[in-house]
Number of protein chains: 2
Amino acid sequence: MKPSLSPSVDLSAQIAANIRDAIVSGALIVDERLPSEAELALQFEVSRATVREALKRLAAQSLIRTQRGATGGAFVNRISFQAAQAQQITTSTLLLSMNDVSFETACEARYALERACAPLSARRRSQSHIDVMRAEIARQSQQDLSDEAFCASDVAFHRALVDGACNPVLSYQLAGAVEAMQPLMNMITFTARSRDAIIALHVAITDAVEAQDGAAIGTGLTDLEAETQSLAHRVFAQRSGQPA
Amino acid sequence: MKPSLSPSVDLSAQIAANIRDAIVSGALIVDERLPSEAELALQFEVSRATVREALKRLAAQSLIRTQRGATGGAFVNRISFQAAQAQQITTSTLLLSMNDVSFETACEARYALERACAPLSARRRSQSHIDVMRAEIARQSQQDLSDEAFCASDVAFHRALVDGACNPVLSYQLAGAVEAMQPLMNMITFTARSRDAIIALHVAITDAVEAQDGAAIGTGLTDLEAETQSLAHRVFAQRSGQPA
DNA sequence: AAACTTTAAATGTCTGACATTAGTTTTTCA
DNA sequence: TGAAAAACTAATGTCAGACATTTAAAGTTT
């Protein structure tokens, strides 16, 4: 199954890569039990501690799970959409915050992707999606809402829109794009007037979803993107021109 | 920075989560050095082995890197688009192969996302993108190409199309959707006639990209999606109706 | 001043032990 | 006889301490 490690270059990483390949290639199938740590240590000719570090790496990627006890061990994990989404969000968020991605670029990507969902959401959305969207609009309309809560509600609104496409792969892919924007959005202070403009567009989009009018959803999203971009532009220009 | 672990529930996971939160929240910034393993062991009141397992988890997510030697240690990693993409592809591929996602659903998601790039690619594509696309078309036209090589070239073609949007966030997000389809595509046997149909559409799409006609790119992608779906439908129907 | 040597601090690895968990089997006894 | 209790067992989780290796910096020599 897995011999031949080149010495003096991070054994635990090599072992992890070895097992990962076996999983990705299908040599190890879902719910199959890996050899015990002691056996793996023998096979790879390393100590149990090194094997454990390798297994922890795989666990961090949700590739395996471990169970204690007599019949325990490490098992190939069926990665869930939920777990994959959580990882994707973490990665995307860090990627954006660490690489000086401009608000403009991230925003453009996000809205481009969301528009991709519009025709499908128009066709397949159920009442529950519309209910969520209207509920979030109601929340956004509360006067005393903090900027952060407003952003969080915005994310929930957009996720409902995406989920309306009833395509789990699409929802999963979009989760990263939508959620990763939140820290960037949180840098913005929303005036009452800008909130009103956004809410008005949310209403227009929701109406279009309810009317199953894909083109109108797309138009609404384009308008919302323009509004968001110009708002961000104003906020950042003001900040750099008049620093605190 | 990080006290208070609840005992008897996977200490290394708790420690990893603790440090991960510090990184995501920005309390630890890029290239900042973490305390040494020995210091972390003292702070968290666990053994060095446990700390190491936690650090390996973080390393598996590219959140930290480690350096040996006197001034070495664990450093917060600036996650690159490349590393993030690689992780995303692994995750997406496994997600699709392990969760009985239908070809139809995955294909729909992929083309929906790709169409999202069309307007931007039309506007911003450079000659190099077109060159890559034409080169891949030439490769796909080779008579003796294996199905697997044909699929790989198809992926390269589509990635060039996506890269034409000149938005790194978009390229990153799409990588998962495009690459993860490859194992599913590899299950298909391409007849000479179906290859010709696909290549003809690739040519049409490339022409549209060159002409900067976003709408035509979208139409081409929609046609290609229909072609792919019906091809897959035929192949799978034949297989289930007439098993080997 | 440059080249070499030593030192120190860090990660990488190994060993062996014990703790904890959770099935499985055996024993007890009502 | 049968069900509860106890013992067993195999696995992961954790710890302590040792040694190997790497690397930068400090010190020494020429």
# chains A, B, ... in the order shown; residues from 1 in each chain; ligands from 1
call {"tool": "interface_residues", "arguments": {"of": "chain A", "to": "chain C", "cutoff": "6 Å", "atoms": "only C-alpha atoms (C1' of nucleotides)", "output": "VMD selection string"}}
result
chain A and resid 68 to 70
call {"tool": "interface_residues", "arguments": {"of": "chain A", "to": "chain B", "cutoff": "6 Å", "atoms": "only C-alpha atoms", "output": "ChimeraX atom specification"}}
result
/A:53,56-57,60,79,95,109,112-113,116,170
call {"tool": "interface_residues", "arguments": {"of": "chain D", "to": "chain B", "cutoff": "7 Å", "atoms": "only C-alpha atoms (C1' of nucleotides)", "output": "list in words"}}
result
DC15, DT22, DT23 and DA24 of chain D
call {"tool": "write_last_selection", "arguments": {"atoms": "N, CA, C and O atoms (P, O5', C5', C4', C3', O3' and C1' of nucleotides)", "output": "PDB file, in the first residue's frame"}}
result
ATOM      1  P    DC D  15      -1.242  16.248  27.679  1.00  0.00           P
ATOM      2  O5'  DC D  15       0.003  15.449  28.275  1.00  0.00           O
ATOM      3  C5'  DC D  15      -0.181  14.631  29.431  1.00  0.00           C
ATOM      4  C4'  DC D  15       1.081  13.857  29.721  1.00  0.00           C
ATOM      5  C3'  DC D  15       2.355  14.694  29.692  1.00  0.00           C
ATOM      6  O3'  DC D  15       2.881  14.825  31.005  1.00  0.00           O
ATOM      7  C1'  DC D  15       2.637  12.599  28.567  1.00  0.00           C
ATOM      8  P    DT D  22      19.783  17.767   8.557  1.00  0.00           P
ATOM      9  O5'  DT D  22      19.378  19.292   8.788  1.00  0.00           O
ATOM     10  C5'  DT D  22      18.008  19.599   9.016  1.00  0.00           C
ATOM     11  C4'  DT D  22      17.881  21.007   9.550  1.00  0.00           C
ATOM     12  C3'  DT D  22      18.699  22.052   8.804  1.00  0.00           C
ATOM     13  O3'  DT D  22      17.812  23.051   8.381  1.00  0.00           O
ATOM     14  C1'  DT D  22      18.967  22.294  11.142  1.00  0.00           C
ATOM     15  P    DT D  23      18.110  23.981   7.156  1.00  0.00           P
ATOM     16  O5'  DT D  23      18.508  25.329   7.869  1.00  0.00           O
ATOM     17  C5'  DT D  23      17.595  25.901   8.799  1.00  0.00           C
ATOM     18  C4'  DT D  23      18.297  26.898   9.682  1.00  0.00           C
ATOM     19  C3'  DT D  23      19.313  27.788   8.973  1.00  0.00           C
ATOM     20  O3'  DT D  23      18.852  29.104   9.069  1.00  0.00           O
ATOM     21  C1'  DT D  23      20.109  27.047  11.071  1.00  0.00           C
ATOM     22  P    DA D  24      19.367  30.268   8.151  1.00  0.00           P
ATOM     23  O5'  DA D  24      19.703  31.369   9.253  1.00  0.00           O
ATOM     24  C5'  DA D  24      18.714  31.651  10.241  1.00  0.00           C
ATOM     25  C4'  DA D  24      19.376  32.135  11.508  1.00  0.00           C
ATOM     26  C3'  DA D  24      20.352  33.295  11.315  1.00  0.00           C
ATOM     27  O3'  DA D  24      20.044  34.315  12.245  1.00  0.00           O
ATOM     28  C1'  DA D  24      21.397  31.551  12.514  1.00  0.00           C
TER      29       DA D  24
END
call {"tool": "atom_distance", "arguments": {"atom1": "atom CA of Ser36 of chain A", "atom2": "atom CA of Ala17 of chain A"}}
result
17.4 Å
call {"tool": "atom_distance", "arguments": {"atom1": "atom CA of Ala192 of chain B", "atom2": "atom CA of Ser121 of chain B"}}
result
29.5 Å
call {"tool": "residues_around", "arguments": {"residues": "segment 124-133 of chain A", "least_positions_apart": "2", "cutoff": "7 Å", "atoms": "only C-alpha atoms (C1' of nucleotides)", "output": "PDB file with N, CA and C atoms, in the first residue's frame"}}
result
ATOM      1  N   LEU A 120     -31.485  29.848 -12.630  1.00  0.00           N
ATOM      2  CA  LEU A 120     -31.886  28.625 -11.944  1.00  0.00           C
ATOM      3  C   LEU A 120     -32.774  28.934 -10.748  1.00  0.00           C
ATOM      4  N   SER A 121     -32.414  29.974 -10.005  1.00  0.00           N
ATOM      5  CA  SER A 121     -33.237  30.350  -8.856  1.00  0.00           C
ATOM      6  C   SER A 121     -34.627  30.767  -9.302  1.00  0.00           C
ATOM      7  N   ALA A 122     -34.683  31.454 -10.421  1.00  0.00           N
ATOM      8  CA  ALA A 122     -35.981  31.872 -10.939  1.00  0.00           C
ATOM      9  C   ALA A 122     -36.854  30.645 -11.217  1.00  0.00           C
ATOM     10  N   ALA A 135     -37.799  37.817   5.195  1.00  0.00           N
ATOM     11  CA  ALA A 135     -37.498  37.952   6.630  1.00  0.00           C
ATOM     12  C   ALA A 135     -36.213  38.745   6.823  1.00  0.00           C
ATOM     13  N   GLU A 136     -35.225  38.482   5.972  1.00  0.00           N
ATOM     14  CA  GLU A 136     -33.958  39.209   6.107  1.00  0.00           C
ATOM     15  C   GLU A 136     -34.139  40.681   5.731  1.00  0.00           C
ATOM     16  N   ILE A 137     -34.968  40.934   4.746  1.00  0.00           N
ATOM     17  CA  ILE A 137     -35.249  42.327   4.389  1.00  0.00           C
ATOM     18  C   ILE A 137     -35.885  43.044   5.578  1.00  0.00           C
ATOM     19  N   PHE A 157     -29.407  36.808   3.213  1.00  0.00           N
ATOM     20  CA  PHE A 157     -30.290  37.089   2.073  1.00  0.00           C
ATOM     21  C   PHE A 157     -29.721  36.481   0.788  1.00  0.00           C
ATOM     22  N   ALA A 160     -29.807  32.700   0.611  1.00  0.00           N
ATOM     23  CA  ALA A 160     -31.140  32.182   0.280  1.00  0.00           C
ATOM     24  C   ALA A 160     -31.368  32.277  -1.217  1.00  0.00           C
ATOM     25  N   LEU A 161     -30.915  33.373  -1.794  1.00  0.00           N
ATOM     26  CA  LEU A 161     -31.042  33.536  -3.241  1.00  0.00           C
ATOM     27  C   LEU A 161     -30.307  32.424  -3.974  1.00  0.00           C
ATOM     28  N   GLY A 164     -31.821  29.036  -3.694  1.00  0.00           N
ATOM     29  CA  GLY A 164     -33.006  28.915  -4.526  1.00  0.00           C
ATOM     30  C   GLY A 164     -32.756  28.155  -5.816  1.00  0.00           C
ATOM     31  N   ALA A 165     -31.520  28.105  -6.228  1.00  0.00           N
ATOM     32  CA  ALA A 165     -31.184  27.361  -7.449  1.00  0.00           C
ATOM     33  C   ALA A 165     -31.315  25.856  -7.241  1.00  0.00           C
ATOM     34  N   CYS A 166     -31.424  25.447  -5.988  1.00  0.00           N
ATOM     35  CA  CYS A 166     -31.592  24.025  -5.666  1.00  0.00           C
ATOM     36  C   CYS A 166     -30.506  23.168  -6.307  1.00  0.00           C
ATOM     37  N   THR A 206     -36.149  40.201  -4.728  1.00  0.00           N
ATOM     38  CA  THR A 206     -37.063  39.205  -4.174  1.00  0.00           C
ATOM     39  C   THR A 206     -38.348  39.126  -4.991  1.00  0.00           C
ATOM     40  N   GLU A 210     -39.728  35.874  -6.888  1.00  0.00           N
ATOM     41  CA  GLU A 210     -41.088  35.378  -6.709  1.00  0.00           C
ATOM     42  C   GLU A 210     -41.812  35.286  -8.053  1.00  0.00           C
TER      43      GLU A 210
END
call {"tool": "select_by_dssp", "arguments": {"residues": "segment 25-232 of chain B", "states": "strand (DSSP E or B)", "output": "number ranges by chain"}}
result
B: 33, 64-67, 73-76
call {"tool": "atom_distance", "arguments": {"atom1": "atom CA of Glu32 of chain A", "atom2": "atom CA of Pro7 of chain A"}}
result
28.6 Å
call {"tool": "select_by_dssp", "arguments": {"residues": "segment 8-243 of chain A", "states": "helix (DSSP H, G or I)", "output": "ChimeraX atom specification"}}
result
/A:11-25,37-44,48-60,81-98,103-124,127-140,147-163,168-180,182-185,192-210,214-241
call {"tool": "residues_around", "arguments": {"residues": "Leu201 of chain A", "least_positions_apart": "4", "cutoff": "9 Å", "atoms": "only C-alpha atoms (C1' of nucleotides)", "output": "number ranges by chain"}}
result
A: 196-197, 205-206, 220-221, 223-224
call {"tool": "write_last_selection", "arguments": {"atoms": "N, CA and C atoms", "output": "PDB file, in the first residue's frame"}}
result
ATOM      1  N   ASP A 196     -31.202  52.131   2.820  1.00  0.00           N
ATOM      2  CA  ASP A 196     -32.492  52.169   2.133  1.00  0.00           C
ATOM      3  C   ASP A 196     -32.339  51.760   0.675  1.00  0.00           C
ATOM      4  N   ALA A 197     -31.287  52.238   0.048  1.00  0.00           N
ATOM      5  CA  ALA A 197     -31.073  51.896  -1.361  1.00  0.00           C
ATOM      6  C   ALA A 197     -30.862  50.402  -1.530  1.00  0.00           C
ATOM      7  N   ILE A 205     -35.238  42.442  -6.112  1.00  0.00           N
ATOM      8  CA  ILE A 205     -34.706  41.111  -6.443  1.00  0.00           C
ATOM      9  C   ILE A 205     -35.666  40.040  -5.946  1.00  0.00           C
ATOM     10  N   THR A 206     -36.149  40.201  -4.728  1.00  0.00           N
ATOM     11  CA  THR A 206     -37.063  39.205  -4.174  1.00  0.00           C
ATOM     12  C   THR A 206     -38.348  39.126  -4.991  1.00  0.00           C
ATOM     13  N   GLY A 220     -31.381  43.254 -11.158  1.00  0.00           N
ATOM     14  CA  GLY A 220     -31.343  43.686  -9.769  1.00  0.00           C
ATOM     15  C   GLY A 220     -29.972  43.483  -9.162  1.00  0.00           C
ATOM     16  N   LEU A 221     -29.364  42.345  -9.453  1.00  0.00           N
ATOM     17  CA  LEU A 221     -28.032  42.067  -8.908  1.00  0.00           C
ATOM     18  C   LEU A 221     -26.999  43.030  -9.478  1.00  0.00           C
ATOM     19  N   ASP A 223     -27.579  46.079 -10.493  1.00  0.00           N
ATOM     20  CA  ASP A 223     -27.790  47.358  -9.823  1.00  0.00           C
ATOM     21  C   ASP A 223     -27.211  47.344  -8.417  1.00  0.00           C
ATOM     22  N   LEU A 224     -27.412  46.225  -7.740  1.00  0.00           N
ATOM     23  CA  LEU A 224     -26.909  46.107  -6.370  1.00  0.00           C
ATOM     24  C   LEU A 224     -25.388  46.144  -6.356  1.00  0.00           C
TER      25      LEU A 224
END
call {"tool": "residues_around", "arguments": {"residues": "Leu5 of chain A", "least_positions_apart": "6", "cutoff": "8 Å", "atoms": "only C-alpha atoms (C1' of nucleotides)", "output": "list in words"}}
result
Leu11, Gln14, Ile15 and Phe44 of chain A
call {"tool": "closest_residue", "arguments": {"among": "B:Val155, B:Ala175, B:Ala215, B:Val76", "to": "His202 of chain B", "atoms": "only C-alpha atoms"}}
result
B:Val155
call {"tool": "decode", "arguments": {"residues": "segment 24-38 of chain B", "atoms": "all heavy atoms", "output": "PDB file, in the first residue's frame"}}
result
ATOM      1  N   VAL B  24      -7.633  33.888  11.885  1.00  0.00           N
ATOM      2  CA  VAL B  24      -8.762  34.379  11.093  1.00  0.00           C
ATOM      3  C   VAL B  24      -9.211  35.748  11.584  1.00  0.00           C
ATOM      4  O   VAL B  24      -9.571  36.626  10.792  1.00  0.00           O
ATOM      5  CB  VAL B  24      -9.931  33.364  11.140  1.00  0.00           C
ATOM      6  CG1 VAL B  24     -11.166  33.943  10.478  1.00  0.00           C
ATOM      7  CG2 VAL B  24      -9.526  32.068  10.471  1.00  0.00           C
ATOM      8  N   SER B  25      -9.186  35.932  12.891  1.00  0.00           N
ATOM      9  CA  SER B  25      -9.654  37.209  13.444  1.00  0.00           C
ATOM     10  C   SER B  25      -8.641  38.321  13.253  1.00  0.00           C
ATOM     11  O   SER B  25      -8.949  39.486  13.476  1.00  0.00           O
ATOM     12  CB  SER B  25      -9.944  37.049  14.936  1.00  0.00           C
ATOM     13  OG  SER B  25      -8.728  36.955  15.662  1.00  0.00           O
ATOM     14  N   GLY B  26      -7.434  37.943  12.886  1.00  0.00           N
ATOM     15  CA  GLY B  26      -6.427  38.971  12.672  1.00  0.00           C
ATOM     16  C   GLY B  26      -5.572  39.246  13.884  1.00  0.00           C
ATOM     17  O   GLY B  26      -4.699  40.114  13.856  1.00  0.00           O
ATOM     18  N   ALA B  27      -5.815  38.524  14.972  1.00  0.00           N
ATOM     19  CA  ALA B  27      -4.984  38.707  16.159  1.00  0.00           C
ATOM     20  C   ALA B  27      -3.543  38.277  15.870  1.00  0.00           C
ATOM     21  O   ALA B  27      -2.600  38.823  16.426  1.00  0.00           O
ATOM     22  CB  ALA B  27      -5.551  37.895  17.322  1.00  0.00           C
ATOM     23  N   LEU B  28      -3.405  37.306  15.020  1.00  0.00           N
ATOM     24  CA  LEU B  28      -2.076  36.926  14.529  1.00  0.00           C
ATOM     25  C   LEU B  28      -2.005  37.341  13.064  1.00  0.00           C
ATOM     26  O   LEU B  28      -2.888  36.996  12.277  1.00  0.00           O
ATOM     27  CB  LEU B  28      -1.876  35.406  14.652  1.00  0.00           C
ATOM     28  CG  LEU B  28      -1.736  34.854  16.069  1.00  0.00           C
ATOM     29  CD1 LEU B  28      -1.792  33.338  16.052  1.00  0.00           C
ATOM     30  CD2 LEU B  28      -0.433  35.330  16.685  1.00  0.00           C
ATOM     31  N   ILE B  29      -0.984  38.073  12.726  1.00  0.00           N
ATOM     32  CA  ILE B  29      -0.914  38.574  11.359  1.00  0.00           C
ATOM     33  C   ILE B  29       0.109  37.799  10.539  1.00  0.00           C
ATOM     34  O   ILE B  29       0.911  37.043  11.084  1.00  0.00           O
ATOM     35  CB  ILE B  29      -0.589  40.080  11.323  1.00  0.00           C
ATOM     36  CG1 ILE B  29       0.779  40.318  11.960  1.00  0.00           C
ATOM     37  CG2 ILE B  29      -1.680  40.859  12.017  1.00  0.00           C
ATOM     38  CD1 ILE B  29       1.234  41.744  11.831  1.00  0.00           C
ATOM     39  N   VAL B  30       0.053  38.008   9.253  1.00  0.00           N
ATOM     40  CA  VAL B  30       0.914  37.270   8.321  1.00  0.00           C
ATOM     41  C   VAL B  30       2.382  37.419   8.697  1.00  0.00           C
ATOM     42  O   VAL B  30       2.842  38.507   9.033  1.00  0.00           O
ATOM     43  CB  VAL B  30       0.677  37.766   6.888  1.00  0.00           C
ATOM     44  CG1 VAL B  30       1.760  37.249   5.959  1.00  0.00           C
ATOM     45  CG2 VAL B  30      -0.686  37.305   6.404  1.00  0.00           C
ATOM     46  N   ASP B  31       3.071  36.300   8.650  1.00  0.00           N
ATOM     47  CA  ASP B  31       4.510  36.219   8.920  1.00  0.00           C
ATOM     48  C   ASP B  31       4.864  36.387  10.390  1.00  0.00           C
ATOM     49  O   ASP B  31       6.035  36.358  10.752  1.00  0.00           O
ATOM     50  CB  ASP B  31       5.304  37.236   8.087  1.00  0.00           C
ATOM     51  CG  ASP B  31       5.273  36.865   6.601  1.00  0.00           C
ATOM     52  OD1 ASP B  31       5.084  35.685   6.292  1.00  0.00           O
ATOM     53  OD2 ASP B  31       5.421  37.770   5.765  1.00  0.00           O
ATOM     54  N   GLU B  32       3.847  36.565  11.208  1.00  0.00           N
ATOM     55  CA  GLU B  32       4.128  36.633  12.637  1.00  0.00           C
ATOM     56  C   GLU B  32       4.528  35.251  13.119  1.00  0.00           C
ATOM     57  O   GLU B  32       4.014  34.235  12.658  1.00  0.00           O
ATOM     58  CB  GLU B  32       2.882  37.118  13.386  1.00  0.00           C
ATOM     59  CG  GLU B  32       3.123  37.331  14.876  1.00  0.00           C
ATOM     60  CD  GLU B  32       1.957  38.058  15.536  1.00  0.00           C
ATOM     61  OE1 GLU B  32       1.159  38.675  14.804  1.00  0.00           O
ATOM     62  OE2 GLU B  32       1.849  37.980  16.773  1.00  0.00           O
ATOM     63  N   ARG B  33       5.455  35.233  14.045  1.00  0.00           N
ATOM     64  CA  ARG B  33       5.922  33.957  14.562  1.00  0.00           C
ATOM     65  C   ARG B  33       5.100  33.552  15.773  1.00  0.00           C
ATOM     66  O   ARG B  33       4.852  34.361  16.664  1.00  0.00           O
ATOM     67  CB  ARG B  33       7.397  34.085  14.965  1.00  0.00           C
ATOM     68  CG  ARG B  33       8.069  32.750  15.089  1.00  0.00           C
ATOM     69  CD  ARG B  33       9.416  32.819  15.764  1.00  0.00           C
ATOM     70  NE  ARG B  33       9.532  31.635  16.612  1.00  0.00           N
ATOM     71  CZ  ARG B  33      10.202  31.590  17.727  1.00  0.00           C
ATOM     72  NH1 ARG B  33      10.839  32.657  18.154  1.00  0.00           N
ATOM     73  NH2 ARG B  33      10.241  30.496  18.429  1.00  0.00           N
ATOM     74  N   LEU B  34       4.692  32.304  15.789  1.00  0.00           N
ATOM     75  CA  LEU B  34       3.997  31.787  16.957  1.00  0.00           C
ATOM     76  C   LEU B  34       5.027  31.480  18.033  1.00  0.00           C
ATOM     77  O   LEU B  34       6.214  31.348  17.737  1.00  0.00           O
ATOM     78  CB  LEU B  34       3.238  30.505  16.590  1.00  0.00           C
ATOM     79  CG  LEU B  34       2.129  30.670  15.566  1.00  0.00           C
ATOM     80  CD1 LEU B  34       1.700  29.322  15.009  1.00  0.00           C
ATOM     81  CD2 LEU B  34       0.947  31.344  16.216  1.00  0.00           C
ATOM     82  N   PRO B  35       4.593  31.371  19.273  1.00  0.00           N
ATOM     83  CA  PRO B  35       5.527  30.907  20.311  1.00  0.00           C
ATOM     84  C   PRO B  35       6.075  29.538  19.926  1.00  0.00           C
ATOM     85  O   PRO B  35       5.466  28.816  19.142  1.00  0.00           O
ATOM     86  CB  PRO B  35       4.640  30.820  21.550  1.00  0.00           C
ATOM     87  CG  PRO B  35       3.483  31.725  21.282  1.00  0.00           C
ATOM     88  CD  PRO B  35       3.265  31.679  19.811  1.00  0.00           C
ATOM     89  N   SER B  36       7.209  29.185  20.470  1.00  0.00           N
ATOM     90  CA  SER B  36       7.795  27.875  20.163  1.00  0.00           C
ATOM     91  C   SER B  36       6.897  26.778  20.716  1.00  0.00           C
ATOM     92  O   SER B  36       6.043  27.016  21.566  1.00  0.00           O
ATOM     93  CB  SER B  36       9.180  27.768  20.784  1.00  0.00           C
ATOM     94  OG  SER B  36       9.066  27.649  22.183  1.00  0.00           O
ATOM     95  N   GLU B  37       7.108  25.590  20.215  1.00  0.00           N
ATOM     96  CA  GLU B  37       6.287  24.467  20.657  1.00  0.00           C
ATOM     97  C   GLU B  37       6.358  24.305  22.169  1.00  0.00           C
ATOM     98  O   GLU B  37       5.346  24.040  22.821  1.00  0.00           O
ATOM     99  CB  GLU B  37       6.768  23.189  19.964  1.00  0.00           C
ATOM    100  CG  GLU B  37       6.554  23.215  18.463  1.00  0.00           C
ATOM    101  CD  GLU B  37       7.143  21.992  17.775  1.00  0.00           C
ATOM    102  OE1 GLU B  37       7.826  21.206  18.456  1.00  0.00           O
ATOM    103  OE2 GLU B  37       6.908  21.832  16.571  1.00  0.00           O
ATOM    104  N   ALA B  38       7.547  24.490  22.696  1.00  0.00           N
ATOM    105  CA  ALA B  38       7.709  24.343  24.143  1.00  0.00           C
ATOM    106  C   ALA B  38       6.901  25.402  24.888  1.00  0.00           C
ATOM    107  O   ALA B  38       6.233  25.106  25.891  1.00  0.00           O
ATOM    108  CB  ALA B  38       9.192  24.443  24.508  1.00  0.00           C
TER     109      ALA B  38
END
